[in-house]
Amino acid sequence: MQTKIEKINPLSAFAVNNIHESDTLPIDFLSFREKLSLATISHPRKRMEWKGARLAIKAALESIQLPYPGFYKDSHGKSHAMDGFGFVSLTHHGDLAAAIYHKEMPVGIDLERVREKTVPLGPKYLDRKEMDFLGNDPFLYSLAWSVKETIFKCQGRKGISLRQNILLQPFTATDTVIKGRIYGTDFADHHYAVQVISENDVILTYTVW
Ligand SMILES: CC(C)(COP(=O)(O)OP(=O)(O)OC[C@H]1O[C@@H](n2cnc3c(N)ncnc32)[C@H](O)[C@@H]1OP(=O)(O)O)[C@@H](O)C(=O)NCCC(=O)NCCS
């Protein structure tokens, strides 16, 4: 997938970085707390992913003329802006990192590679109704995985099961927006629309409002 910075609308933007390219960029924009967090990551690749995702947020924020406020993680692992404004979500996969920001609404983002094993693993993260329309196509299964992870990250709380609490409406390989909802929890009846961008064997999905 190409690196990109895209303003979705005046309130929201996302960016995709190559973690090798972003690794050479300065990190002076990070908050003191974030610099401490980065210093505790010893694995070089994990450091590159972490840094790439923060540079992606910075680029997304710049595209809607916002400064980088610094982010902290809650007890579920979800990031929040230190100035209390807006919503963010991060992802990394392979050589890519991506982030989305929205000024007013919660957001989720996920990067995945199309993988054959998503088909045999289907019963772990899909409902029977979903497997009925997905057939046996690894692209569709990987896409369903990515959309569910995106919805999971948008709601942000551990304990939500991809299989039992997130249900996708039927979709095909040509759909660019996939709908889903959370059900069967106290967070039920939240509905989500998830944008799909696929390039070669890489899938990027993010929530749209
Ligand atoms: C948390 C989770 C969504 C991360 O997804 P992943 O594909 O492993 O990793 P990604 O690179 O796409 O995303 C990582 C980012 O998710 C974010 N994240 C972690 N927990 C989160 C949460 N509860 N809510 C929102 N975002 C979260 C973090 O920002 C992290 O990036 P960072 O470490 O640089 O800060 C995933 O591990 C998970 O728990 N999925 C759902 C649970 C599940 O049912 N899994 C198994 C099904 S068979």
# chains A, B, ... in the order shown; residues from 1 in each chain; ligands from 1
>>> select_by_dssp(residues="range 75-177 of chain A", states="strand (DSSP E or B)", output="PDB file with N, CA and C atoms, in the first residue's frame")
ATOM      1  N   SER A  79      -5.870   4.738  22.975  1.00  0.00           N
ATOM      2  CA  SER A  79      -5.197   6.028  23.143  1.00  0.00           C
ATOM      3  C   SER A  79      -6.196   7.186  23.208  1.00  0.00           C
ATOM      4  N   HIS A  80      -5.844   8.186  24.026  1.00  0.00           N
ATOM      5  CA  HIS A  80      -6.668   9.408  24.163  1.00  0.00           C
ATOM      6  C   HIS A  80      -5.753  10.623  24.115  1.00  0.00           C
ATOM      7  N   ALA A  81      -6.298  11.720  23.572  1.00  0.00           N
ATOM      8  CA  ALA A  81      -5.511  12.957  23.495  1.00  0.00           C
ATOM      9  C   ALA A  81      -5.320  13.545  24.891  1.00  0.00           C
ATOM     10  N   PHE A  87     -10.682  12.206  19.017  1.00  0.00           N
ATOM     11  CA  PHE A  87     -10.557  10.752  19.163  1.00  0.00           C
ATOM     12  C   PHE A  87      -9.512  10.242  18.174  1.00  0.00           C
ATOM     13  N   VAL A  88      -8.805   9.178  18.573  1.00  0.00           N
ATOM     14  CA  VAL A  88      -7.728   8.667  17.727  1.00  0.00           C
ATOM     15  C   VAL A  88      -7.739   7.146  17.734  1.00  0.00           C
ATOM     16  N   SER A  89      -7.210   6.563  16.659  1.00  0.00           N
ATOM     17  CA  SER A  89      -6.989   5.116  16.642  1.00  0.00           C
ATOM     18  C   SER A  89      -5.734   4.838  15.817  1.00  0.00           C
ATOM     19  N   LEU A  90      -5.029   3.767  16.203  1.00  0.00           N
ATOM     20  CA  LEU A  90      -3.733   3.454  15.584  1.00  0.00           C
ATOM     21  C   LEU A  90      -3.679   1.999  15.145  1.00  0.00           C
ATOM     22  N   THR A  91      -2.848   1.726  14.140  1.00  0.00           N
ATOM     23  CA  THR A  91      -2.620   0.339  13.726  1.00  0.00           C
ATOM     24  C   THR A  91      -1.245   0.221  13.085  1.00  0.00           C
ATOM     25  N   HIS A  92      -0.678  -0.982  13.132  1.00  0.00           N
ATOM     26  CA  HIS A  92       0.542  -1.241  12.354  1.00  0.00           C
ATOM     27  C   HIS A  92       0.499  -2.674  11.852  1.00  0.00           C
ATOM     28  N   HIS A  93       1.024  -2.878  10.680  1.00  0.00           N
ATOM     29  CA  HIS A  93       1.086  -4.234  10.115  1.00  0.00           C
ATOM     30  C   HIS A  93       2.207  -4.264   9.086  1.00  0.00           C
ATOM     31  N   LEU A  96       3.979  -1.144   7.486  1.00  0.00           N
ATOM     32  CA  LEU A  96       3.099   0.028   7.498  1.00  0.00           C
ATOM     33  C   LEU A  96       2.553   0.338   8.892  1.00  0.00           C
ATOM     34  N   ALA A  97       2.353   1.631   9.138  1.00  0.00           N
ATOM     35  CA  ALA A  97       1.641   2.081  10.341  1.00  0.00           C
ATOM     36  C   ALA A  97       0.608   3.090   9.861  1.00  0.00           C
ATOM     37  N   ALA A  98      -0.531   3.154  10.556  1.00  0.00           N
ATOM     38  CA  ALA A  98      -1.563   4.113  10.154  1.00  0.00           C
ATOM     39  C   ALA A  98      -2.283   4.638  11.383  1.00  0.00           C
ATOM     40  N   ALA A  99      -2.901   5.804  11.225  1.00  0.00           N
ATOM     41  CA  ALA A  99      -3.661   6.404  12.314  1.00  0.00           C
ATOM     42  C   ALA A  99      -4.799   7.230  11.743  1.00  0.00           C
ATOM     43  N   ILE A 100      -5.879   7.326  12.521  1.00  0.00           N
ATOM     44  CA  ILE A 100      -7.009   8.171  12.147  1.00  0.00           C
ATOM     45  C   ILE A 100      -7.351   9.071  13.337  1.00  0.00           C
ATOM     46  N   TYR A 101      -7.805  10.288  13.023  1.00  0.00           N
ATOM     47  CA  TYR A 101      -8.219  11.231  14.063  1.00  0.00           C
ATOM     48  C   TYR A 101      -9.573  11.805  13.661  1.00  0.00           C
ATOM     49  N   HIS A 102     -10.443  11.993  14.638  1.00  0.00           N
ATOM     50  CA  HIS A 102     -11.717  12.678  14.395  1.00  0.00           C
ATOM     51  C   HIS A 102     -11.939  13.661  15.534  1.00  0.00           C
ATOM     52  N   ILE A 109      -9.316   2.098  13.340  1.00  0.00           N
ATOM     53  CA  ILE A 109      -8.588   1.865  12.083  1.00  0.00           C
ATOM     54  C   ILE A 109      -7.849   0.542  12.195  1.00  0.00           C
ATOM     55  N   ASP A 110      -7.702  -0.149  11.078  1.00  0.00           N
ATOM     56  CA  ASP A 110      -6.951  -1.414  11.096  1.00  0.00           C
ATOM     57  C   ASP A 110      -6.305  -1.671   9.742  1.00  0.00           C
ATOM     58  N   LEU A 111      -5.095  -2.216   9.796  1.00  0.00           N
ATOM     59  CA  LEU A 111      -4.354  -2.634   8.597  1.00  0.00           C
ATOM     60  C   LEU A 111      -4.182  -4.145   8.670  1.00  0.00           C
ATOM     61  N   GLU A 112      -4.456  -4.838   7.590  1.00  0.00           N
ATOM     62  CA  GLU A 112      -4.259  -6.295   7.551  1.00  0.00           C
ATOM     63  C   GLU A 112      -3.712  -6.697   6.197  1.00  0.00           C
ATOM     64  N   ARG A 113      -3.018  -7.834   6.163  1.00  0.00           N
ATOM     65  CA  ARG A 113      -2.632  -8.436   4.898  1.00  0.00           C
ATOM     66  C   ARG A 113      -3.626  -9.576   4.631  1.00  0.00           C
ATOM     67  N   ILE A 166     -19.991  -8.559  17.689  1.00  0.00           N
ATOM     68  CA  ILE A 166     -19.932  -7.652  16.521  1.00  0.00           C
ATOM     69  C   ILE A 166     -20.484  -8.404  15.322  1.00  0.00           C
ATOM     70  N   LEU A 167     -21.544  -7.871  14.714  1.00  0.00           N
ATOM     71  CA  LEU A 167     -22.176  -8.539  13.571  1.00  0.00           C
ATOM     72  C   LEU A 167     -22.116  -7.642  12.346  1.00  0.00           C
ATOM     73  N   LEU A 168     -21.614  -8.194  11.241  1.00  0.00           N
ATOM     74  CA  LEU A 168     -21.493  -7.418   9.996  1.00  0.00           C
ATOM     75  C   LEU A 168     -22.678  -7.693   9.083  1.00  0.00           C
ATOM     76  N   VAL A 177     -17.921   0.488   1.553  1.00  0.00           N
ATOM     77  CA  VAL A 177     -18.322   0.751   2.940  1.00  0.00           C
ATOM     78  C   VAL A 177     -19.051  -0.488   3.459  1.00  0.00           C
TER      79      VAL A 177
END
>>> residues_near_ligand(ligand="ligand 1", cutoff="7 Å", atoms="only C-alpha atoms and all ligand atoms", output="short mmCIF file (atom, residue, chain, number, x, y, z; two decimals) with C-alpha atoms, in the first residue's frame")
data_model
loop_
_atom_site.label_atom_id
_atom_site.label_comp_id
_atom_site.auth_asym_id
_atom_site.auth_seq_id
_atom_site.Cartn_x
_atom_site.Cartn_y
_atom_site.Cartn_z
CA GLU A 49 5.87 0.52 14.64
CA TRP A 50 5.12 2.66 17.70
CA ALA A 53 1.92 5.23 14.23
CA HIS A 76 -7.98 -1.05 27.83
CA GLY A 77 -5.05 0.03 25.63
CA LYS A 78 -6.98 2.71 23.74
CA SER A 79 -5.20 6.03 23.14
CA SER A 89 -6.99 5.12 16.64
CA LEU A 90 -3.73 3.45 15.58
CA THR A 91 -2.62 0.34 13.73
CA HIS A 92 0.54 -1.24 12.35
CA HIS A 93 1.09 -4.23 10.12
CA ASP A 110 -6.95 -1.41 11.10
CA LEU A 111 -4.35 -2.63 8.60
CA LYS A 124 -13.29 -18.09 16.00
CA TYR A 125 -14.23 -14.55 14.96
CA GLU A 149 -11.00 -5.12 14.56
CA PHE A 152 -13.55 -3.20 18.27
CA LYS A 153 -10.96 -0.38 18.40
CA CYS A 154 -13.63 2.27 17.87
CA GLN A 155 -15.58 1.10 20.93
CA GLY A 156 -12.29 0.53 22.74
CA ARG A 157 -13.18 -1.82 25.59
CA LYS A 158 -11.73 -5.26 26.26
CA ILE A 160 -16.15 -7.43 23.46
CA SER A 161 -15.97 -10.62 21.39
CA LEU A 162 -15.49 -10.28 17.62
#
>>> residues_around(residues="range 64-68 of chain A", least_positions_apart="4", cutoff="12 Å", atoms="only C-alpha atoms", output="number ranges by chain")
A: 5-15, 27-31, 34, 54-60, 80-83, 85-86, 88, 100-103
>>> write_last_selection(atoms="C-alpha atoms", output="CSV table (one decimal), in the first residue's frame")
chain,number,residue,atom,x,y,z
A,5,ILE,CA,-2.3,11.5,4.1
A,6,GLU,CA,-6.0,12.0,3.5
A,7,LYS,CA,-8.4,14.6,4.9
A,8,ILE,CA,-11.7,12.7,5.0
A,9,ASN,CA,-13.6,15.9,5.9
A,10,PRO,CA,-12.9,19.1,7.9
A,11,LEU,CA,-13.3,17.0,11.2
A,12,SER,CA,-11.3,13.9,10.3
A,13,ALA,CA,-8.2,12.6,8.6
A,14,PHE,CA,-6.0,9.5,8.4
A,15,ALA,CA,-2.4,8.8,7.3
A,27,ILE,CA,10.5,12.6,17.6
A,28,ASP,CA,10.8,16.0,19.4
A,29,PHE,CA,7.0,16.5,18.9
A,30,LEU,CA,6.2,13.6,21.3
A,31,SER,CA,5.1,14.5,24.9
A,34,GLU,CA,5.3,9.4,25.2
A,54,ARG,CA,2.6,8.5,16.2
A,55,LEU,CA,4.1,10.1,13.1
A,56,ALA,CA,1.0,9.0,11.2
A,57,ILE,CA,-1.3,10.7,13.8
A,58,LYS,CA,0.9,13.9,13.5
A,59,ALA,CA,0.5,13.9,9.7
A,60,ALA,CA,-3.3,13.4,10.0
A,80,HIS,CA,-6.7,9.4,24.2
A,81,ALA,CA,-5.5,13.0,23.5
A,82,MET,CA,-3.8,14.6,26.5
A,83,ASP,CA,-5.7,17.8,25.9
A,85,PHE,CA,-10.1,16.9,22.5
A,86,GLY,CA,-11.0,14.5,19.7
A,88,VAL,CA,-7.7,8.7,17.7
A,100,ILE,CA,-7.0,8.2,12.1
A,101,TYR,CA,-8.2,11.2,14.1
A,102,HIS,CA,-11.7,12.7,14.4
A,103,LYS,CA,-12.5,15.9,16.2
>>> residues_around(residues="range 115-117 of chain A", least_positions_apart="2", cutoff="7 Å", atoms="only C-alpha atoms", output="list in words")
Arg113, Val119, Pro120, Leu121, Pro138 and Ser142 of chain A
>>> write_last_selection(atoms="N, CA and C atoms", output="PDB file, in the first residue's frame")
ATOM      1  N   ARG A 113      -3.018  -7.834   6.163  1.00  0.00           N
ATOM      2  CA  ARG A 113      -2.632  -8.436   4.898  1.00  0.00           C
ATOM      3  C   ARG A 113      -3.626  -9.576   4.631  1.00  0.00           C
ATOM      4  N   VAL A 119      -9.549 -18.059   6.683  1.00  0.00           N
ATOM      5  CA  VAL A 119     -10.714 -18.899   6.348  1.00  0.00           C
ATOM      6  C   VAL A 119     -10.882 -20.021   7.390  1.00  0.00           C
ATOM      7  N   PRO A 120      -9.852 -20.876   7.627  1.00  0.00           N
ATOM      8  CA  PRO A 120     -10.056 -21.902   8.668  1.00  0.00           C
ATOM      9  C   PRO A 120     -10.282 -21.326  10.066  1.00  0.00           C
ATOM     10  N   LEU A 121      -9.762 -20.094  10.308  1.00  0.00           N
ATOM     11  CA  LEU A 121      -9.960 -19.473  11.632  1.00  0.00           C
ATOM     12  C   LEU A 121     -11.332 -18.814  11.767  1.00  0.00           C
ATOM     13  N   PRO A 138     -10.369 -15.922   0.934  1.00  0.00           N
ATOM     14  CA  PRO A 138      -9.473 -15.344   1.945  1.00  0.00           C
ATOM     15  C   PRO A 138      -9.529 -13.815   1.976  1.00  0.00           C
ATOM     16  N   SER A 142     -10.393 -11.926   5.376  1.00  0.00           N
ATOM     17  CA  SER A 142      -9.427 -10.964   5.934  1.00  0.00           C
ATOM     18  C   SER A 142     -10.093  -9.606   6.099  1.00  0.00           C
TER      19      SER A 142
END
>>> atom_distance(atom1="CA of Asp127 in chain A", atom2="CA of Asp186 in chain A")
19.2 Å
>>> residues_around(residues="Leu25 in chain A", least_positions_apart="3", cutoff="10 Å", atoms="only C-alpha atoms", output="ChimeraX atom specification")
/A:20-22,28,51-52,55
>>> closest_residue(among="A:Asn17, A:Gln164, A:Ser75, A:Thr40", to="Thr3 in chain A", atoms="only C-alpha atoms")
A:Asn17
>>> residues_around(residues="range 191-199 of chain A", least_positions_apart="3", cutoff="6 Å", atoms="only C-alpha atoms", output="list in words")
Met1, Thr176, Val177, Ile178, Lys179, Gly180, Arg181, Val202, Ile203, Leu204, Thr205, Tyr206, Thr207 and Val208 of chain A
>>> write_last_selection(atoms="N, CA and C atoms", output="compact mmCIF listing (two decimals), in the first residue's frame")
# COMPACT_ATOMS: atom_id res chain seq x y z
N MET A 1 0.85 -1.20 0.00
CA MET A 1 0.00 0.00 0.00
C MET A 1 0.88 1.24 0.00
N THR A 176 -17.31 -0.62 -0.83
CA THR A 176 -16.29 0.26 -0.24
C THR A 176 -16.65 0.69 1.17
N VAL A 177 -17.92 0.49 1.55
CA VAL A 177 -18.32 0.75 2.94
C VAL A 177 -19.05 -0.49 3.46
N ILE A 178 -18.62 -0.96 4.64
CA ILE A 178 -19.24 -2.14 5.25
C ILE A 178 -19.87 -1.71 6.58
N LYS A 179 -21.09 -2.20 6.81
CA LYS A 179 -21.79 -1.81 8.05
C LYS A 179 -21.78 -2.94 9.07
N GLY A 180 -21.73 -2.55 10.33
CA GLY A 180 -21.77 -3.56 11.39
C GLY A 180 -22.31 -2.93 12.65
N ARG A 181 -22.64 -3.81 13.62
CA ARG A 181 -23.15 -3.26 14.88
C ARG A 181 -22.67 -4.13 16.03
N VAL A 202 -3.00 -5.75 0.65
CA VAL A 202 -3.12 -5.04 1.93
C VAL A 202 -4.49 -4.37 2.03
N ILE A 203 -5.10 -4.52 3.22
CA ILE A 203 -6.43 -3.94 3.45
C ILE A 203 -6.33 -2.89 4.55
N LEU A 204 -6.88 -1.70 4.29
CA LEU A 204 -6.98 -0.66 5.31
C LEU A 204 -8.47 -0.39 5.53
N THR A 205 -8.91 -0.44 6.78
CA THR A 205 -10.31 -0.13 7.08
C THR A 205 -10.36 0.91 8.19
N TYR A 206 -11.33 1.82 8.11
CA TYR A 206 -11.49 2.83 9.15
C TYR A 206 -12.95 3.29 9.24
N THR A 207 -13.35 3.70 10.43
CA THR A 207 -14.73 4.12 10.64
C THR A 207 -15.01 5.47 9.98
N VAL A 208 -16.20 5.60 9.43
CA VAL A 208 -16.64 6.88 8.86
C VAL A 208 -17.99 7.24 9.48
